[in-house]
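**Q** First the structure, which I've put down as structure tokens, then a few questions once you've had a look.
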Amino acid sequence: MIKNKIKEHIFYYFSLLSVVILGVFLTLQFPGNKQIQMMTIVITTFFYVGFGIVHHRENHNLSAKIVVEYMLIGALGMTIASFFLLGS
Amino acid sequence: MFLKFLHHFFLPHESNNHRPKVLHHTSLMFFIFVFLVGQIMMGSAKANFGDVLGAKIDVSVERLLQLTNDERQNKGLRSLLLNDKLSKAAFLKGTYMLQKNYWAHNAPDGTTPWVFIRQTKYDYVYAGENLARGFTNSSDVVKAWMESPTHRDNMLSTNYKDIGFSVLEGKLLGEDTTLVVEMFGSTEPMVLGSQPEKTIPSKEVLPQIALEKVINTPVFDISLVSRYVGIATLALFIFIFVIDLIIIERRKIVRLVGHNLDHITFLFMILLFIILFNRGSIL
């Protein structure tokens with residue numbers, strides 16, 4: 001079933017994976033510069049939230065609950081990253 | 001009772017509307033709040049109780065010299081001699097970088113590294129410079145330089161006879177950092193085809209000058225604490241999302257929620273960043 005879902009939305013998952021890999025790659029290109037690293041993470045997070053919302057609007061039932069869910073997961077990822085960067 | 005609690009928090013079930021309680025909006029907000037408060041507390045602890053909770057740093061000139069000469073000896077090259085003038089030039093360069101707030105070999109005003117060497121009256125024929133910042137120990141600095149072809153060339157060059165170091169702490173580009181300046185030089189041209197001189201163990205070539213070092217040994221290493229807490233939290237959420245995905249797929253339950261695969265991919269990105277993160281930078 002998961003395989004079918006991935007096949008059905010292969011372009012979406014491929015795009016999301018590409019953005020995420022690019023995000024990690026770009027972040028690691030700036031060792032020692034935490035401000036740029038955090039900025040790269042924030043931009044990648046916005047892409048993830050935006051992609052998720054647009055995908056649900058186009059292909060599924062988009063509700064406020066889903067929008068909030070993506071935003072909260074995005075915020076959680078960003079706060080963990082900034083917590084880590086502050087300590088490093 | 002405890003198992004019921006775990007079930008409710010970590011597995012989809014009727015009691016949690018078929019979504020683990022940890023993944024509910026209120027729980028996510030709680031975790032975000034905890035990490036935000038954690039950041040404030042960590043910043044305060046770093047500023048006020050650095051000896052208890054701070055970054056563990058151990059970078060010293062003595063160790064940098066030893067490691068550099070070890071690398072040279074491994075290649076059958078003679079050891080470099082620690083030179084007072086080059087060390088002073090390295091100190092002047094490092095201080096200038098912190099004052100002018102730049103991370104480059106040449107300053108924005110065009111000042112080159114050689115200006116600082118000339119200031120110390122070191123009459124060089126050959127000279128070179130390696131820079132590092134943000135590393136927590138000497139071996140990581142030397143390792144990073146050895147992994148970079150241009151820095152490695154400097155470290156293993158037969159043109160140089162002398163070496164000087166400076167290890168400074170300060171704010172560079174808005175971040176508190178440990179800055180390492182390594183300067184190489186020779187006051188006489190090398191004769192082509194000459195054999196390297198007898199290799200002298202680095203301990204014997206240390207001149208009697210005060211060695212600079214930046215050492216901080218807090219009770220808790222804040223970088224390790226933040227790393228492990230971050231990794232553990234992300235791993236927990238990824239694990240819960242995977243388990244939730246598997247169970248819901250098997251039970252064929254329809255819910256109005258986002259795609260777990262999206263969340264797993266995103267959180268995995270943050271996890272990968274923390275695992276692969278390298279705080280040090282060389283130039």
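Residue numbering restarts at 1 in every chain; chains get A, B, ... in the order shown in the structure tokens, and ligands count up from 1 in that same order.
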Specify as a PyMOL selection string all residues of chain B found within 8 Å of chain A, counting only C-alpha atoms.
**A** chain B and resi 25+28-29+31-32+35-36+38-39+42-43+55+133-134+222-227+230+249+256-258+262-263+265-267+269-270+272-274+276-281
**Q** Please provide the set of residues having any atom within 7 Å of Val142 of chain B, restricted to only C-alpha atoms, with same-chain residues fewer than 5 positions apart removed, written as a ChimeraX atom specification.
**A** /B:64,67-68
**Q** Asn16 of chain B: which residues within 12 Å, counting only C-alpha atoms, same-chain residues fewer than 5 positions away excluded, as a ChimeraX atom specification?
**A** /B:4-11,21-24
**Q** Write the residues of the preceding selection, restricted to C-alpha atoms, as a PDB file, in the first residue's frame.
**A**
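Contents of the output file part-v8.pdb:
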```pdb
ATOM      1  CA  LYS B   4      -1.336   1.276  28.850  1.00  0.00           C
ATOM      2  CA  PHE B   5       0.382   4.628  29.278  1.00  0.00           C
ATOM      3  CA  LEU B   6       3.104   3.677  26.768  1.00  0.00           C
ATOM      4  CA  HIS B   7       0.489   2.370  24.360  1.00  0.00           C
ATOM      5  CA  HIS B   8      -1.477   5.592  24.601  1.00  0.00           C
ATOM      6  CA  PHE B   9       1.557   7.793  24.033  1.00  0.00           C
ATOM      7  CA  PHE B  10       3.485   5.849  21.421  1.00  0.00           C
ATOM      8  CA  LEU B  11       1.069   3.653  19.454  1.00  0.00           C
ATOM      9  CA  LYS B  21      -0.500  10.969  21.764  1.00  0.00           C
ATOM     10  CA  VAL B  22       3.089  12.138  21.207  1.00  0.00           C
ATOM     11  CA  LEU B  23       2.133  13.136  17.652  1.00  0.00           C
ATOM     12  CA  HIS B  24      -0.923  15.162  18.695  1.00  0.00           C
TER      13      HIS B  24
END
```
**Q** Excluding Thr95 of chain B and its own-chain neighbours fewer than 5 positions away, which residues fall within 9 Å of it when counting only C-alpha atoms? Please give them as a list in words.
**A** Ala90, Lys100, Leu168 and Gly170 of chain B
**Q** Could you list, as an MDAnalysis selection string, every residue within 9 Å of segment 179-181 of chain B, counting only C-alpha atoms and ignoring same-chain residues fewer than 4 positions away?
**A** chainID B and resid 59 61 87 90:91 93:94 98 129:135 141 164:170 172
**Q** Give the alpha helix (DSSP H) residues of segment 24-273 of chain B, as assigned by DSSP on the backbone, as a short mmCIF file (atom, residue, chain, number, x, y, z; two decimals) with C-alpha atoms, in the first residue's frame.
**A**
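result_39.cif, freshly written:
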```
data_model
loop_
_atom_site.label_atom_id
_atom_site.label_comp_id
_atom_site.auth_asym_id
_atom_site.auth_seq_id
_atom_site.Cartn_x
_atom_site.Cartn_y
_atom_site.Cartn_z
CA HIS B 25 -0.68 18.92 18.18
CA THR B 26 -0.59 19.66 21.91
CA SER B 27 2.30 17.23 22.43
CA LEU B 28 4.22 18.68 19.48
CA MET B 29 3.71 22.17 20.91
CA PHE B 30 4.95 20.91 24.27
CA PHE B 31 8.16 19.56 22.68
CA ILE B 32 8.72 22.82 20.77
CA PHE B 33 8.24 24.76 24.01
CA VAL B 34 10.68 22.49 25.87
CA PHE B 35 13.37 23.01 23.21
CA LEU B 36 12.83 26.77 23.18
CA VAL B 37 13.13 26.94 26.98
CA GLY B 38 16.15 24.62 26.69
CA GLN B 39 17.82 27.11 24.36
CA ILE B 40 17.26 29.99 26.77
CA MET B 41 18.57 27.94 29.69
CA MET B 42 21.55 26.71 27.69
CA GLY B 43 22.47 30.25 26.64
CA SER B 44 22.20 31.44 30.22
CA ALA B 45 24.22 28.49 31.55
CA LYS B 46 26.95 29.07 28.96
CA ALA B 47 27.21 32.71 29.95
CA ASN B 48 27.04 32.30 33.73
CA VAL B 61 50.31 25.22 20.34
CA GLU B 62 52.38 22.44 21.88
CA ARG B 63 49.99 19.76 20.63
CA LEU B 64 49.55 21.42 17.20
CA LEU B 65 53.32 21.50 16.76
CA GLN B 66 53.71 17.91 17.85
CA LEU B 67 50.97 16.68 15.50
CA THR B 68 52.28 18.73 12.57
CA ASN B 69 55.79 17.36 13.05
CA ASP B 70 54.43 13.84 13.49
CA GLU B 71 52.82 14.14 10.06
CA ARG B 72 56.11 15.38 8.59
CA GLN B 73 58.13 12.64 10.25
CA ASN B 74 55.73 10.03 8.87
CA ASP B 84 59.11 33.13 18.08
CA LYS B 85 58.79 35.62 15.25
CA LEU B 86 56.39 33.47 13.24
CA SER B 87 54.33 32.81 16.39
CA LYS B 88 54.17 36.54 16.99
CA ALA B 89 53.16 37.09 13.35
CA ALA B 90 50.44 34.45 13.78
CA PHE B 91 49.25 36.22 16.92
CA LEU B 92 49.17 39.59 15.12
CA LYS B 93 47.27 38.05 12.20
CA GLY B 94 44.75 36.35 14.50
CA THR B 95 44.21 39.51 16.54
CA TYR B 96 43.74 41.52 13.34
CA MET B 97 41.16 38.99 12.08
CA LEU B 98 39.17 39.27 15.31
CA GLN B 99 39.44 43.07 15.34
CA LYS B 100 38.44 43.49 11.70
CA PRO B 113 49.48 37.57 5.93
CA TRP B 114 53.01 38.52 4.84
CA VAL B 115 52.57 42.01 6.31
CA PHE B 116 52.43 40.48 9.81
CA ILE B 117 55.50 38.34 9.16
CA ARG B 118 57.46 41.38 7.99
CA GLN B 119 56.35 43.29 11.10
CA SER B 138 44.21 20.10 18.23
CA SER B 139 44.04 16.73 16.48
CA ASP B 140 40.84 17.68 14.62
CA VAL B 141 42.55 20.86 13.39
CA VAL B 142 45.58 19.00 12.03
CA LYS B 143 43.36 16.24 10.61
CA ALA B 144 41.24 18.80 8.72
CA TRP B 145 44.34 20.47 7.31
CA MET B 146 45.80 17.14 6.24
CA GLU B 147 42.57 16.25 4.43
CA PRO B 149 45.31 19.21 -0.50
CA THR B 150 46.42 22.86 -0.30
CA HIS B 151 46.78 22.89 3.50
CA ARG B 152 48.47 19.51 3.36
CA ASP B 153 50.98 20.91 0.84
CA ASN B 154 51.86 23.66 3.31
CA MET B 155 52.28 21.22 6.17
CA ILE B 222 27.33 21.35 26.18
CA SER B 223 28.06 20.37 22.57
CA LEU B 224 27.71 16.68 23.43
CA VAL B 225 24.57 17.29 25.52
CA SER B 226 22.85 19.24 22.73
CA ARG B 227 23.97 16.68 20.14
CA TYR B 228 22.70 13.63 22.04
CA VAL B 229 19.44 15.29 23.11
CA GLY B 230 18.79 16.35 19.51
CA ILE B 231 19.61 12.93 18.05
CA ALA B 232 17.57 11.07 20.69
CA THR B 233 14.48 13.26 20.18
CA LEU B 234 14.61 13.04 16.38
CA ALA B 235 15.21 9.28 16.48
CA LEU B 236 12.24 8.89 18.82
CA PHE B 237 9.90 10.86 16.55
CA ILE B 238 11.09 9.07 13.40
CA PHE B 239 10.60 5.72 15.13
CA ILE B 240 7.07 6.65 16.29
CA PHE B 241 6.14 7.87 12.79
CA VAL B 242 7.42 4.62 11.25
CA ILE B 243 5.57 2.44 13.76
CA ASP B 244 2.41 4.53 13.33
CA LEU B 245 2.68 4.20 9.54
CA ILE B 246 3.08 0.42 9.69
CA ILE B 247 0.21 -0.13 12.15
CA ILE B 248 -2.22 2.18 10.35
CA GLU B 249 -1.41 0.58 6.98
CA ARG B 250 -2.03 -2.90 8.40
CA ARG B 251 -5.28 -1.94 10.08
CA ASN B 260 4.07 10.23 7.80
CA LEU B 261 6.58 9.69 4.99
CA ASP B 262 6.90 13.48 4.56
CA HIS B 263 7.55 13.96 8.27
CA ILE B 264 10.02 11.07 8.40
CA THR B 265 11.93 12.50 5.41
CA PHE B 266 12.07 15.98 6.93
CA LEU B 267 13.07 14.87 10.43
CA PHE B 268 15.65 12.52 8.93
CA MET B 269 17.18 15.55 7.19
CA ILE B 270 17.61 17.33 10.55
CA LEU B 271 19.02 14.12 12.05
CA LEU B 272 21.50 13.77 9.19
CA PHE B 273 22.56 17.38 9.61
#
```
**Q** Which one of B:Ser157, B:Ser79, B:Ser148, B:Asn17 sits closest to Ala127 of chain B if you count only C-alpha atoms?
**A**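 Once distances to Ala127 of chain B are computed over only C-alpha atoms, the minimum belongs to B:Ser157.
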**Q** Hey, can you check how far atom CA of Trp103 of chain B sits from atom CA of Thr120 of chain B?
**A**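 Rounded to one decimal, the two atoms are 22.0 Å apart.
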